[in-house]
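Text of data.cif, listed as mmCIF, C-alpha atoms:
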```
data_entry
#
loop_
_atom_site.group_PDB
_atom_site.id
_atom_site.type_symbol
_atom_site.label_atom_id
_atom_site.label_comp_id
_atom_site.auth_asym_id
_atom_site.auth_seq_id
_atom_site.Cartn_x
_atom_site.Cartn_y
_atom_site.Cartn_z
ATOM 1 C CA MET Q 1 -76.927 -61.266 -0.196
ATOM 2 C CA ARG Q 2 -80.649 -60.881 0.202
ATOM 3 C CA LEU Q 3 -82.580 -61.929 -2.875
ATOM 4 C CA LEU Q 4 -85.492 -59.743 -3.924
ATOM 5 C CA ARG Q 5 -88.560 -61.812 -4.513
ATOM 6 C CA LEU Q 6 -91.566 -60.276 -6.248
ATOM 7 C CA THR Q 7 -95.065 -61.571 -6.349
ATOM 8 C CA GLN Q 8 -96.771 -61.778 -9.733
ATOM 9 C CA HIS Q 9 -98.879 -58.741 -8.801
ATOM 10 C CA GLU Q 10 -95.771 -56.713 -7.837
ATOM 11 C CA ALA Q 11 -94.002 -57.676 -11.052
ATOM 12 C CA VAL Q 12 -96.939 -56.563 -13.165
ATOM 13 C CA TRP Q 13 -97.156 -53.309 -11.177
ATOM 14 C CA ASN Q 14 -93.428 -52.613 -11.720
ATOM 15 C CA LEU Q 15 -93.749 -53.239 -15.430
ATOM 16 C CA GLU Q 16 -96.663 -50.836 -15.614
ATOM 17 C CA GLN Q 17 -94.671 -48.198 -13.753
ATOM 18 C CA PHE Q 18 -91.694 -48.727 -16.067
ATOM 19 C CA GLY Q 19 -94.008 -48.353 -19.064
ATOM 20 C CA ARG Q 20 -95.414 -45.089 -17.737
ATOM 21 C CA THR Q 21 -91.938 -43.737 -16.990
ATOM 22 C CA PHE Q 22 -90.667 -44.787 -20.420
ATOM 23 C CA THR Q 23 -93.674 -43.210 -22.139
ATOM 24 C CA LEU Q 24 -93.285 -39.990 -20.129
ATOM 25 C CA THR Q 25 -89.571 -39.837 -21.003
ATOM 26 C CA ILE Q 26 -90.344 -40.230 -24.709
ATOM 27 C CA MET Q 27 -93.028 -37.521 -24.482
ATOM 28 C CA ILE Q 28 -90.626 -35.091 -22.762
ATOM 29 C CA LYS Q 29 -87.920 -35.732 -25.339
ATOM 30 C CA THR Q 30 -90.441 -35.307 -28.146
ATOM 31 C CA MET Q 31 -91.683 -32.013 -26.702
ATOM 32 C CA LYS Q 32 -88.096 -30.778 -26.363
ATOM 33 C CA ALA Q 33 -87.425 -31.700 -29.974
ATOM 34 C CA ILE Q 34 -90.575 -29.887 -31.098
ATOM 35 C CA ARG Q 35 -89.544 -26.839 -29.064
ATOM 36 C CA VAL Q 36 -86.093 -26.828 -30.698
ATOM 37 C CA LEU Q 37 -87.645 -27.105 -34.153
ATOM 38 C CA PHE Q 38 -90.035 -24.282 -33.282
ATOM 39 C CA LEU Q 39 -87.206 -22.035 -32.141
ATOM 40 C CA LEU Q 40 -85.216 -22.853 -35.243
ATOM 41 C CA SER Q 41 -88.217 -21.908 -37.357
ATOM 42 C CA ILE Q 42 -88.725 -18.513 -35.687
ATOM 43 C CA PRO Q 43 -86.742 -16.438 -38.247
ATOM 44 C CA VAL Q 44 -88.940 -17.800 -41.043
ATOM 45 C CA ALA Q 45 -92.225 -17.579 -39.157
ATOM 46 C CA VAL Q 46 -91.874 -14.103 -37.722
ATOM 47 C CA ALA Q 47 -90.800 -12.721 -41.078
ATOM 48 C CA ALA Q 48 -94.516 -12.745 -41.827
ATOM 49 C CA HIS Q 49 -95.120 -9.918 -39.374
ATOM 50 C CA PRO Q 50 -92.365 -7.363 -38.729
ATOM 51 C CA GLY Q 51 -92.803 -4.500 -36.293
ATOM 52 C CA GLY Q 52 -94.176 -1.009 -36.815
ATOM 53 C CA GLY Q 53 -92.408 1.117 -34.205
ATOM 54 C CA LEU Q 54 -89.452 3.414 -34.999
ATOM 55 C CA ILE Q 55 -87.943 6.192 -32.865
ATOM 56 C CA ALA Q 56 -85.427 8.788 -34.071
ATOM 57 C CA LEU Q 57 -83.110 9.953 -31.274
ATOM 58 C CA ASP Q 58 -81.198 12.375 -33.484
ATOM 59 C CA VAL Q 59 -80.341 12.898 -37.159
ATOM 60 C CA ASN Q 60 -78.190 9.766 -37.203
ATOM 61 C CA THR Q 61 -79.656 7.351 -34.612
ATOM 62 C CA VAL Q 62 -82.843 5.299 -34.402
ATOM 63 C CA ILE Q 63 -84.351 2.623 -32.156
ATOM 64 C CA PHE Q 64 -86.742 -0.124 -33.246
ATOM 65 C CA GLY Q 65 -88.002 -3.566 -32.292
ATOM 66 C CA ASP Q 66 -87.090 -6.610 -34.349
ATOM 67 C CA SER Q 67 -89.512 -9.551 -34.291
ATOM 68 C CA MET Q 68 -87.367 -11.592 -36.680
ATOM 69 C CA TYR Q 69 -84.135 -11.659 -34.688
ATOM 70 C CA ASN Q 70 -85.792 -10.938 -31.332
ATOM 71 C CA ALA Q 71 -84.165 -7.742 -30.139
ATOM 72 C CA VAL Q 72 -84.635 -4.025 -29.650
ATOM 73 C CA TRP Q 73 -81.935 -2.292 -31.682
ATOM 74 C CA ARG Q 74 -80.123 1.007 -31.476
ATOM 75 C CA LEU Q 75 -78.845 1.780 -34.956
ATOM 76 C CA GLU Q 76 -76.433 4.652 -35.499
ATOM 77 C CA GLY Q 77 -75.155 5.481 -38.963
ATOM 78 C CA GLY Q 78 -71.632 4.202 -39.557
ATOM 79 C CA LYS Q 79 -71.618 1.962 -36.468
ATOM 80 C CA LYS Q 80 -72.463 -1.654 -35.714
ATOM 81 C CA PRO Q 81 -76.090 -2.029 -34.499
ATOM 82 C CA GLN Q 82 -76.381 -2.413 -30.725
ATOM 83 C CA ALA Q 83 -78.946 -4.770 -29.179
ATOM 84 C CA LEU Q 84 -80.482 -2.909 -26.239
ATOM 85 C CA VAL Q 85 -82.563 -5.995 -25.404
ATOM 86 C CA LYS Q 86 -81.896 -9.543 -26.594
ATOM 87 C CA ASN Q 87 -84.209 -12.574 -26.819
ATOM 88 C CA PHE Q 88 -87.156 -10.195 -26.888
ATOM 89 C CA HIS Q 89 -89.875 -10.656 -29.515
ATOM 90 C CA ALA Q 90 -90.848 -7.021 -30.080
ATOM 91 C CA HIS Q 91 -93.314 -5.705 -32.646
ATOM 92 C CA TRP Q 92 -94.193 -2.311 -31.181
ATOM 93 C CA THR Q 93 -91.646 0.160 -29.781
ATOM 94 C CA THR Q 94 -92.533 3.762 -28.945
ATOM 95 C CA ARG Q 95 -91.489 6.869 -27.037
ATOM 96 C CA GLY Q 96 -93.823 8.223 -24.390
ATOM 97 C CA LEU Q 97 -94.598 11.836 -23.587
ATOM 98 C CA ASP Q 98 -92.376 11.241 -20.564
ATOM 99 C CA GLY Q 99 -89.407 10.877 -22.941
ATOM 100 C CA GLN Q 100 -88.895 7.192 -22.098
ATOM 101 C CA ILE Q 101 -88.666 4.305 -24.578
ATOM 102 C CA TYR Q 102 -91.170 1.448 -24.280
ATOM 103 C CA SER Q 103 -91.432 -1.907 -26.015
ATOM 104 C CA GLU Q 104 -93.480 -5.081 -25.680
ATOM 105 C CA SER Q 105 -93.153 -8.835 -26.019
ATOM 106 C CA PHE Q 106 -96.900 -9.508 -26.111
ATOM 107 C CA GLN Q 107 -96.634 -12.361 -28.606
ATOM 108 C CA GLU Q 108 -94.368 -14.392 -26.327
ATOM 109 C CA ILE Q 109 -95.689 -16.725 -23.650
ATOM 110 C CA GLY Q 110 -95.821 -14.572 -20.540
ATOM 111 C CA GLY Q 111 -95.206 -11.418 -22.581
ATOM 112 C CA ALA Q 112 -95.147 -7.992 -20.977
ATOM 113 C CA LEU Q 113 -94.544 -4.286 -21.555
ATOM 114 C CA PHE Q 114 -91.170 -2.829 -20.557
ATOM 115 C CA ARG Q 115 -89.508 0.555 -20.192
ATOM 116 C CA ILE Q 116 -86.151 0.302 -21.950
ATOM 117 C CA ASP Q 117 -83.058 1.720 -20.258
ATOM 118 C CA LEU Q 118 -80.911 3.314 -22.977
ATOM 119 C CA GLY Q 119 -77.971 3.493 -20.589
ATOM 120 C CA GLY Q 120 -77.617 -0.270 -20.387
ATOM 121 C CA GLY Q 121 -79.297 -0.645 -17.007
ATOM 122 C CA LYS Q 122 -82.113 -2.987 -16.041
ATOM 123 C CA HIS Q 123 -85.253 -2.737 -18.124
ATOM 124 C CA MET Q 124 -88.367 -2.228 -16.009
ATOM 125 C CA LYS Q 125 -91.552 -4.231 -16.447
ATOM 126 C CA VAL Q 126 -94.452 -1.779 -16.597
ATOM 127 C CA ALA Q 127 -97.434 -4.055 -17.237
ATOM 128 C CA GLU Q 128 -98.423 -7.595 -18.083
ATOM 129 C CA GLU Q 129 -99.959 -8.375 -21.457
ATOM 130 C CA SER Q 130 -103.247 -9.135 -19.675
ATOM 131 C CA ASP Q 131 -103.295 -5.593 -18.239
ATOM 132 C CA VAL Q 132 -103.279 -4.029 -21.702
ATOM 133 C CA ASN Q 133 -104.794 -6.717 -23.942
ATOM 134 C CA ALA Q 134 -104.006 -4.670 -27.058
ATOM 135 C CA PRO Q 135 -101.127 -5.031 -29.548
ATOM 136 C CA VAL Q 136 -100.061 -1.349 -29.465
ATOM 137 C CA PHE Q 137 -100.149 1.475 -26.948
ATOM 138 C CA ALA Q 138 -99.049 5.033 -26.198
ATOM 139 C CA VAL Q 139 -97.554 6.352 -22.953
ATOM 140 C CA GLY Q 140 -98.435 9.690 -21.356
ATOM 141 C CA LYS Q 141 -96.197 12.152 -19.529
ATOM 142 C CA ARG Q 142 -96.939 10.588 -16.131
ATOM 143 C CA GLY Q 143 -96.285 7.079 -17.383
ATOM 144 C CA GLU Q 144 -99.957 6.247 -17.918
ATOM 145 C CA LEU Q 145 -100.681 3.649 -20.605
ATOM 146 C CA ILE Q 146 -103.111 4.561 -23.382
ATOM 147 C CA PHE Q 147 -104.672 1.832 -25.500
ATOM 148 C CA GLN Q 148 -107.839 0.605 -27.138
ATOM 149 C CA LYS Q 149 -110.548 -1.171 -25.208
ATOM 150 C CA GLY Q 150 -113.437 -2.084 -27.476
ATOM 151 C CA ALA Q 151 -114.820 1.022 -29.165
ATOM 152 C CA GLN Q 152 -112.952 3.429 -26.862
ATOM 153 C CA ILE Q 153 -109.471 4.700 -26.133
ATOM 154 C CA VAL Q 154 -108.710 4.396 -22.431
ATOM 155 C CA GLU Q 155 -105.841 5.222 -20.098
ATOM 156 C CA TRP Q 156 -104.481 3.049 -17.328
ATOM 157 C CA THR Q 157 -102.710 4.989 -14.612
ATOM 158 C CA THR Q 158 -99.636 3.844 -12.712
ATOM 159 C CA GLY Q 159 -101.975 3.347 -9.764
ATOM 160 C CA GLY Q 160 -103.963 0.765 -11.690
ATOM 161 C CA ILE Q 161 -107.025 2.912 -12.391
ATOM 162 C CA MET Q 162 -108.581 2.650 -15.848
ATOM 163 C CA LYS Q 163 -110.648 5.516 -17.266
ATOM 164 C CA ARG Q 164 -111.653 7.085 -20.547
ATOM 165 C CA PHE Q 165 -108.813 8.895 -22.277
ATOM 166 C CA ARG Q 166 -109.096 12.617 -21.506
ATOM 167 C CA GLY Q 167 -112.661 12.122 -20.347
ATOM 168 C CA SER Q 168 -114.018 10.698 -23.598
ATOM 169 C CA GLY Q 169 -111.941 8.387 -25.806
ATOM 170 C CA GLU Q 170 -114.937 8.022 -28.109
ATOM 171 C CA VAL Q 171 -115.186 8.521 -31.866
ATOM 172 C CA ALA Q 172 -116.779 11.784 -32.985
ATOM 173 C CA LYS Q 173 -120.398 11.505 -34.057
ATOM 174 C CA GLY Q 174 -120.640 10.792 -37.779
ATOM 175 C CA ASP Q 175 -117.091 9.418 -38.117
ATOM 176 C CA PRO Q 176 -116.507 5.742 -38.998
ATOM 177 C CA PRO Q 177 -116.494 3.342 -36.016
ATOM 178 C CA LEU Q 178 -113.096 2.568 -34.537
ATOM 179 C CA GLN Q 179 -111.471 -0.570 -35.930
ATOM 180 C CA LYS Q 180 -108.425 -2.316 -34.443
ATOM 181 C CA VAL Q 181 -105.810 0.347 -33.667
ATOM 182 C CA ILE Q 182 -102.495 -0.358 -35.389
ATOM 183 C CA ALA Q 183 -100.282 2.594 -34.380
ATOM 184 C CA TYR Q 184 -100.059 5.679 -32.154
ATOM 185 C CA HIS Q 185 -97.944 8.827 -32.335
ATOM 186 C CA TRP Q 186 -97.728 11.954 -30.184
ATOM 187 C CA GLY Q 187 -97.923 15.255 -32.040
ATOM 188 C CA PRO Q 188 -95.854 18.272 -30.949
ATOM 189 C CA ASP Q 189 -98.805 19.793 -29.047
ATOM 190 C CA GLU Q 190 -99.601 16.547 -27.157
ATOM 191 C CA THR Q 191 -102.287 15.646 -29.661
ATOM 192 C CA LEU Q 192 -102.434 11.864 -29.931
ATOM 193 C CA TYR Q 193 -102.587 10.487 -33.477
ATOM 194 C CA LEU Q 194 -103.670 6.926 -34.180
ATOM 195 C CA SER Q 195 -104.454 4.664 -37.103
ATOM 196 C CA ASP Q 196 -107.047 1.937 -37.566
ATOM 197 C CA GLY Q 197 -107.161 0.218 -40.936
ATOM 198 C CA SER Q 198 -106.854 2.945 -43.562
ATOM 199 C CA HIS Q 199 -107.996 5.717 -41.193
ATOM 200 C CA LEU Q 200 -105.792 8.338 -39.585
ATOM 201 C CA ARG Q 201 -107.317 10.000 -36.537
ATOM 202 C CA ARG Q 202 -106.319 12.410 -33.797
ATOM 203 C CA VAL Q 203 -107.384 12.923 -30.209
ATOM 204 C CA GLY Q 204 -107.204 16.443 -28.805
ATOM 205 C CA ALA Q 205 -107.516 17.833 -25.296
ATOM 206 C CA ASP Q 206 -111.230 16.927 -25.132
ATOM 207 C CA GLY Q 207 -110.527 13.221 -25.689
ATOM 208 C CA VAL Q 208 -112.741 12.967 -28.772
ATOM 209 C CA VAL Q 209 -111.332 10.771 -31.566
ATOM 210 C CA ARG Q 210 -111.674 12.634 -34.880
ATOM 211 C CA LEU Q 211 -110.955 11.482 -38.425
ATOM 212 C CA VAL Q 212 -108.037 13.278 -40.108
ATOM 213 C CA ALA Q 213 -107.680 11.369 -43.369
ATOM 214 C CA ARG Q 214 -108.304 8.103 -45.126
ATOM 215 C CA VAL Q 215 -105.667 6.521 -47.335
ATOM 216 C CA ASP Q 216 -106.773 4.414 -50.303
ATOM 217 C CA GLY Q 217 -105.022 2.433 -52.990
ATOM 218 C CA LYS Q 218 -104.613 -0.967 -54.613
ATOM 219 C CA VAL Q 219 -102.944 -3.615 -52.467
ATOM 220 C CA ILE Q 220 -99.888 -4.934 -54.315
ATOM 221 C CA GLU Q 221 -98.648 -8.504 -54.674
ATOM 222 C CA PRO Q 222 -97.477 -10.465 -52.869
ATOM 223 C CA LYS Q 223 -99.963 -9.779 -50.108
ATOM 224 C CA ILE Q 224 -97.944 -9.801 -46.954
ATOM 225 C CA TRP Q 225 -97.823 -9.879 -43.155
ATOM 226 C CA ASN Q 226 -101.295 -11.076 -42.218
ATOM 227 C CA SER Q 227 -102.828 -9.055 -45.011
ATOM 228 C CA THR Q 228 -106.532 -8.311 -44.783
ATOM 229 C CA GLY Q 229 -106.636 -7.431 -48.473
ATOM 230 C CA ALA Q 230 -107.140 -3.792 -47.507
ATOM 231 C CA VAL Q 231 -104.881 -0.813 -46.816
ATOM 232 C CA ARG Q 232 -103.432 -0.520 -43.282
ATOM 233 C CA VAL Q 233 -101.527 2.411 -41.806
ATOM 234 C CA TRP Q 234 -98.742 0.658 -39.896
ATOM 235 C CA SER Q 235 -96.931 3.695 -38.536
ATOM 236 C CA ILE Q 236 -97.341 7.451 -38.152
ATOM 237 C CA ALA Q 237 -94.845 10.308 -37.867
ATOM 238 C CA ILE Q 238 -95.175 14.098 -37.900
ATOM 239 C CA ASP Q 239 -92.485 16.523 -39.001
ATOM 240 C CA GLU Q 240 -91.677 19.997 -37.698
ATOM 241 C CA ARG Q 241 -94.088 21.496 -40.259
ATOM 242 C CA LYS Q 242 -96.929 19.312 -38.858
ATOM 243 C CA ARG Q 243 -97.094 17.172 -41.972
ATOM 244 C CA ILE Q 244 -98.124 13.563 -41.327
ATOM 245 C CA TYR Q 245 -96.216 10.570 -42.713
ATOM 246 C CA ALA Q 246 -97.927 7.176 -42.983
ATOM 247 C CA ALA Q 247 -96.242 3.814 -43.662
ATOM 248 C CA LEU Q 248 -98.403 1.705 -45.985
ATOM 249 C CA PRO Q 249 -96.639 -1.609 -46.678
ATOM 250 C CA ASP Q 250 -99.752 -3.114 -48.298
ATOM 251 C CA LEU Q 251 -99.384 -0.471 -51.017
ATOM 252 C CA GLY Q 252 -95.588 -0.361 -50.912
ATOM 253 C CA HIS Q 253 -95.815 3.393 -50.241
ATOM 254 C CA VAL Q 254 -95.027 6.043 -47.693
ATOM 255 C CA VAL Q 255 -97.516 8.892 -47.951
ATOM 256 C CA ARG Q 256 -97.162 12.448 -46.656
ATOM 257 C CA ILE Q 257 -100.368 14.233 -45.755
ATOM 258 C CA ASP Q 258 -100.014 18.002 -45.798
ATOM 259 C CA ARG Q 259 -101.953 20.371 -43.578
ATOM 260 C CA ASP Q 260 -104.373 21.151 -46.418
ATOM 261 C CA GLY Q 261 -105.246 17.424 -46.620
ATOM 262 C CA SER Q 262 -103.402 16.741 -49.880
ATOM 263 C CA GLN Q 263 -101.570 13.412 -50.070
ATOM 264 C CA HIS Q 264 -98.179 12.800 -51.676
ATOM 265 C CA VAL Q 265 -96.269 9.530 -52.158
ATOM 266 C CA VAL Q 266 -92.725 10.201 -50.904
ATOM 267 C CA ASP Q 267 -91.351 6.647 -51.132
ATOM 268 C CA ARG Q 268 -92.155 3.500 -53.126
ATOM 269 C CA SER Q 269 -91.206 -0.125 -52.557
ATOM 270 C CA ILE Q 270 -88.193 -1.260 -54.590
ATOM 271 C CA GLY Q 271 -86.764 -4.767 -54.765
ATOM 272 C CA GLY Q 272 -89.292 -6.229 -52.323
ATOM 273 C CA TRP Q 273 -88.409 -3.879 -49.458
ATOM 274 C CA ARG Q 274 -91.458 -2.436 -47.747
ATOM 275 C CA VAL Q 275 -91.558 0.373 -45.211
ATOM 276 C CA THR Q 276 -93.310 -0.711 -42.005
ATOM 277 C CA ALA Q 277 -92.444 2.273 -39.783
ATOM 278 C CA VAL Q 278 -91.589 5.951 -40.107
ATOM 279 C CA ALA Q 279 -90.031 8.556 -37.815
ATOM 280 C CA THR Q 280 -88.828 12.129 -38.161
ATOM 281 C CA PHE Q 281 -86.129 14.293 -36.626
ATOM 282 C CA GLY Q 282 -85.739 17.850 -37.858
ATOM 283 C CA ASP Q 283 -86.084 17.701 -41.628
ATOM 284 C CA SER Q 284 -85.024 14.031 -41.843
ATOM 285 C CA VAL Q 285 -87.551 11.222 -42.440
ATOM 286 C CA PHE Q 286 -86.479 7.722 -41.367
ATOM 287 C CA LEU Q 287 -87.885 4.578 -42.991
ATOM 288 C CA LEU Q 288 -87.750 1.143 -41.346
ATOM 289 C CA GLU Q 289 -87.964 -1.594 -43.981
ATOM 290 C CA SER Q 290 -88.401 -5.361 -44.140
ATOM 291 C CA SER Q 291 -88.135 -7.678 -47.124
ATOM 292 C CA ASP Q 292 -91.375 -9.248 -48.317
ATOM 293 C CA SER Q 293 -89.639 -12.373 -49.648
ATOM 294 C CA THR Q 294 -86.457 -13.107 -47.665
ATOM 295 C CA ASN Q 295 -85.196 -13.240 -44.081
ATOM 296 C CA ALA Q 296 -82.817 -10.363 -44.668
ATOM 297 C CA GLY Q 297 -82.528 -8.260 -41.518
ATOM 298 C CA GLN Q 298 -84.427 -5.004 -41.248
ATOM 299 C CA ARG Q 299 -82.782 -1.886 -42.637
ATOM 300 C CA VAL Q 300 -83.249 1.843 -42.193
ATOM 301 C CA ARG Q 301 -83.076 4.464 -44.912
ATOM 302 C CA VAL Q 302 -83.353 8.187 -44.355
ATOM 303 C CA ILE Q 303 -84.679 10.941 -46.598
ATOM 304 C CA ARG Q 304 -82.777 14.138 -45.846
ATOM 305 C CA GLY Q 305 -84.306 17.593 -46.164
ATOM 306 C CA ALA Q 306 -82.882 18.202 -49.626
ATOM 307 C CA GLY Q 307 -84.441 14.955 -50.872
ATOM 308 C CA ASN Q 308 -81.270 12.883 -50.773
ATOM 309 C CA VAL Q 309 -81.821 9.271 -49.664
ATOM 310 C CA GLU Q 310 -79.190 7.253 -47.819
ATOM 311 C CA LEU Q 311 -78.939 3.861 -46.148
ATOM 312 C CA LEU Q 312 -78.433 4.413 -42.426
ATOM 313 C CA GLY Q 313 -77.732 0.765 -41.673
ATOM 314 C CA GLN Q 314 -79.028 -2.801 -41.658
ATOM 315 C CA ILE Q 315 -79.322 -5.696 -39.235
ATOM 316 C CA GLU Q 316 -77.170 -8.505 -40.590
ATOM 317 C CA PRO Q 317 -78.668 -12.027 -40.304
#
```
Written as structure tokens, that's how I'd like the structure from this file.
Amino acid sequence: MRLLRLTQHEAVWNLEQFGRTFTLTIMIKTMKAIRVLFLLSIPVAVAAHPGGGLIALDVNTVIFGDSMYNAVWRLEGGKKPQALVKNFHAHWTTRGLDGQIYSESFQEIGGALFRIDLGGGKHMKVAEESDVNAPVFAVGKRGELIFQKGAQIVEWTTGGIMKRFRGSGEVAKGDPPLQKVIAYHWGPDETLYLSDGSHLRRVGADGVVRLVARVDGKVIEPKIWNSTGAVRVWSIAIDERKRIYAALPDLGHVVRIDRDGSQHVVDRSIGGWRVTAVATFGDSVFLLESSDSTNAGQRVRVIRGAGNVELLGQIEP
């Protein structure tokens, strides 16, 4: 057998290499442990910021993103919720003018925007987070993406061309400057509604962003979900009578704004449940709720035309 003889220099070099390898191994194991702890902490952490997108498919079925349990859900009354997408950290889910469902995972590493296949097929990546660089968006009838860029609303075509939305995308002269847009919603006549802070605005065929209403009130305790200490309109819906519904979790209210501009509270927070998103179908108003104090899964209630309120379903932890 051949004996391996090392010089003093070689021995020192080997020890140094062993030390580097050992240190690197410890670092990798430590990082893995931190990653596991981070993943385990996700349900608690993301509870601080639930999503604001809700879509009503019919009088008994809704779709929404769940940032707590990382899924996009299809919830039908009387049935077990179905995860359309799993392991997907979604805050904003919306329906485009093209009739398709879209959701995003922008707060994940390498997040992107996807078109969701309701039939169980492959979901299609539409854009990278860096293409949009905004937390929420709308989608036009040709698949163009509409989002905020600075003080303007812009559209990004499927061909990769960015331009002002409908030729303008600017706030009407005399209206308050545009803050960070929180939600979008298409009206029945292809008018685009949006919210920024406590402002509700609409964009007509000329592309000019005009103020519709401002919602005020006293922020209730506990202040929740990255609160700014001010009122925020998290979600918008419009019913068949063109009345606007606004989800205001900072106030614990859902407000209906009639065509004459009058405002009416149609739902109030009870037991720590706060409405973060609204949707309508016919004369039904759907309310997506999250708890402000526990990791209970999101739930959906519905106000029927006669005023009766029922629990459509809940995501079980």
Evaluating the PyMOL selection byres ((chain Q and resi 142-144) around 8) on the displayed file yields which residues, as a short mmCIF file (atom, residue, chain, number, x, y, z; two decimals) with C-alpha atoms, keeping the file's coordinate frame?
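Contents of result-v9.cif, as written:
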```cif
data_model
loop_
_atom_site.label_atom_id
_atom_site.label_comp_id
_atom_site.auth_asym_id
_atom_site.auth_seq_id
_atom_site.Cartn_x
_atom_site.Cartn_y
_atom_site.Cartn_z
CA GLY Q 96 -93.82 8.22 -24.39
CA LEU Q 97 -94.60 11.84 -23.59
CA ASP Q 98 -92.38 11.24 -20.56
CA VAL Q 139 -97.55 6.35 -22.95
CA GLY Q 140 -98.44 9.69 -21.36
CA LYS Q 141 -96.20 12.15 -19.53
CA LEU Q 145 -100.68 3.65 -20.60
CA ILE Q 146 -103.11 4.56 -23.38
CA GLU Q 155 -105.84 5.22 -20.10
CA TRP Q 156 -104.48 3.05 -17.33
CA THR Q 157 -102.71 4.99 -14.61
CA THR Q 158 -99.64 3.84 -12.71
#
```
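Between Lys125 (chain Q) and the residues Q:Lys80, Q:Ser103, Q:Ala205, Q:Glu289, the shortest atom-to-atom distance, using only C-alpha atoms, involves Q:Ser103.
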>> I'd like the interatomic distance between CA of Ile161 (chain Q) and CA of Ile236 (chain Q), to a tenth of an Å.
In response: 27.9 Å
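Pairwise distance (CA of Ile153 (chain Q), CA of Pro176 (chain Q)) equals 14.7 Å.
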> Written as number ranges by chain, which residues does the PyMOL selection byres ((chain Q and resi 90) around 12) give for the file shown?
Replying inline: Q: 46, 49-54, 63-73, 84-89, 91-94, 102-108, 111-114, 116, 135-136
Filtering to C-alpha atoms, could you give me those residues as a tab-separated table (two decimals), in the frame of the given file?
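Wrote again-v8.tsv, looks like this:
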```tsv
chain	number	residue	atom	x	y	z
Q	46	VAL	CA	-91.87	-14.10	-37.72
Q	49	HIS	CA	-95.12	-9.92	-39.37
Q	50	PRO	CA	-92.36	-7.36	-38.73
Q	51	GLY	CA	-92.80	-4.50	-36.29
Q	52	GLY	CA	-94.18	-1.01	-36.82
Q	53	GLY	CA	-92.41	1.12	-34.20
Q	54	LEU	CA	-89.45	3.41	-35.00
Q	63	ILE	CA	-84.35	2.62	-32.16
Q	64	PHE	CA	-86.74	-0.12	-33.25
Q	65	GLY	CA	-88.00	-3.57	-32.29
Q	66	ASP	CA	-87.09	-6.61	-34.35
Q	67	SER	CA	-89.51	-9.55	-34.29
Q	68	MET	CA	-87.37	-11.59	-36.68
Q	69	TYR	CA	-84.14	-11.66	-34.69
Q	70	ASN	CA	-85.79	-10.94	-31.33
Q	71	ALA	CA	-84.16	-7.74	-30.14
Q	72	VAL	CA	-84.64	-4.03	-29.65
Q	73	TRP	CA	-81.94	-2.29	-31.68
Q	84	LEU	CA	-80.48	-2.91	-26.24
Q	85	VAL	CA	-82.56	-6.00	-25.40
Q	86	LYS	CA	-81.90	-9.54	-26.59
Q	87	ASN	CA	-84.21	-12.57	-26.82
Q	88	PHE	CA	-87.16	-10.20	-26.89
Q	89	HIS	CA	-89.88	-10.66	-29.52
Q	91	HIS	CA	-93.31	-5.70	-32.65
Q	92	TRP	CA	-94.19	-2.31	-31.18
Q	93	THR	CA	-91.65	0.16	-29.78
Q	94	THR	CA	-92.53	3.76	-28.94
Q	102	TYR	CA	-91.17	1.45	-24.28
Q	103	SER	CA	-91.43	-1.91	-26.02
Q	104	GLU	CA	-93.48	-5.08	-25.68
Q	105	SER	CA	-93.15	-8.84	-26.02
Q	106	PHE	CA	-96.90	-9.51	-26.11
Q	107	GLN	CA	-96.63	-12.36	-28.61
Q	108	GLU	CA	-94.37	-14.39	-26.33
Q	111	GLY	CA	-95.21	-11.42	-22.58
Q	112	ALA	CA	-95.15	-7.99	-20.98
Q	113	LEU	CA	-94.54	-4.29	-21.56
Q	114	PHE	CA	-91.17	-2.83	-20.56
Q	116	ILE	CA	-86.15	0.30	-21.95
Q	135	PRO	CA	-101.13	-5.03	-29.55
Q	136	VAL	CA	-100.06	-1.35	-29.46
```
>> Excluding Asn308 (chain Q) and its own-chain neighbours fewer than 4 positions away, which residues fall within 12 Å of it when counting all atoms listed in the file? Please give them as a PyMOL selection string.
In response: chain Q and resi 266-267+283-286+301-304
Print the selection's residues with C-alpha atoms to a file, as an mmCIF file, keeping the file's coordinate frame.
```cif
data_model
loop_
_atom_site.group_PDB
_atom_site.id
_atom_site.type_symbol
_atom_site.label_atom_id
_atom_site.label_comp_id
_atom_site.auth_asym_id
_atom_site.auth_seq_id
_atom_site.Cartn_x
_atom_site.Cartn_y
_atom_site.Cartn_z
ATOM 1 C CA VAL Q 266 -92.725 10.201 -50.904
ATOM 2 C CA ASP Q 267 -91.351 6.647 -51.132
ATOM 3 C CA ASP Q 283 -86.084 17.701 -41.628
ATOM 4 C CA SER Q 284 -85.024 14.031 -41.843
ATOM 5 C CA VAL Q 285 -87.551 11.222 -42.440
ATOM 6 C CA PHE Q 286 -86.479 7.722 -41.367
ATOM 7 C CA ARG Q 301 -83.076 4.464 -44.912
ATOM 8 C CA VAL Q 302 -83.353 8.187 -44.355
ATOM 9 C CA ILE Q 303 -84.679 10.941 -46.598
ATOM 10 C CA ARG Q 304 -82.777 14.138 -45.846
#
```
> If we count all atoms listed in the file, what is near region 184-188 of chain Q at a cut-off of 7 Å, once residues fewer than 4 positions away on the same chain are taken out, given as a PyMOL selection string?
Replying inline: chain Q and resi 137-138+192-195+236-238
>> Evaluated on this file, the PyMOL selection byres ((chain Q and resi 246) around 10) picks out some residues - which ones are they, written as number ranges by chain?
In response: Q: 195, 198, 200, 215, 232-238, 244-245, 247-249, 253-257, 265-266, 275-279
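For the residues Q:Gln314, Q:Ser168, Q:Gln298, Q:Thr228, ranking by smallest atom-to-atom distance to Asp250 (chain Q) using only C-alpha atoms places Q:Thr228 first.
Using all atoms listed in the file, the shortest contact distance between Gly207 (chain Q) and any of Q:Gln179, Q:Gln152, Q:Ser227, Q:Ser130 is found at Q:Gln152.
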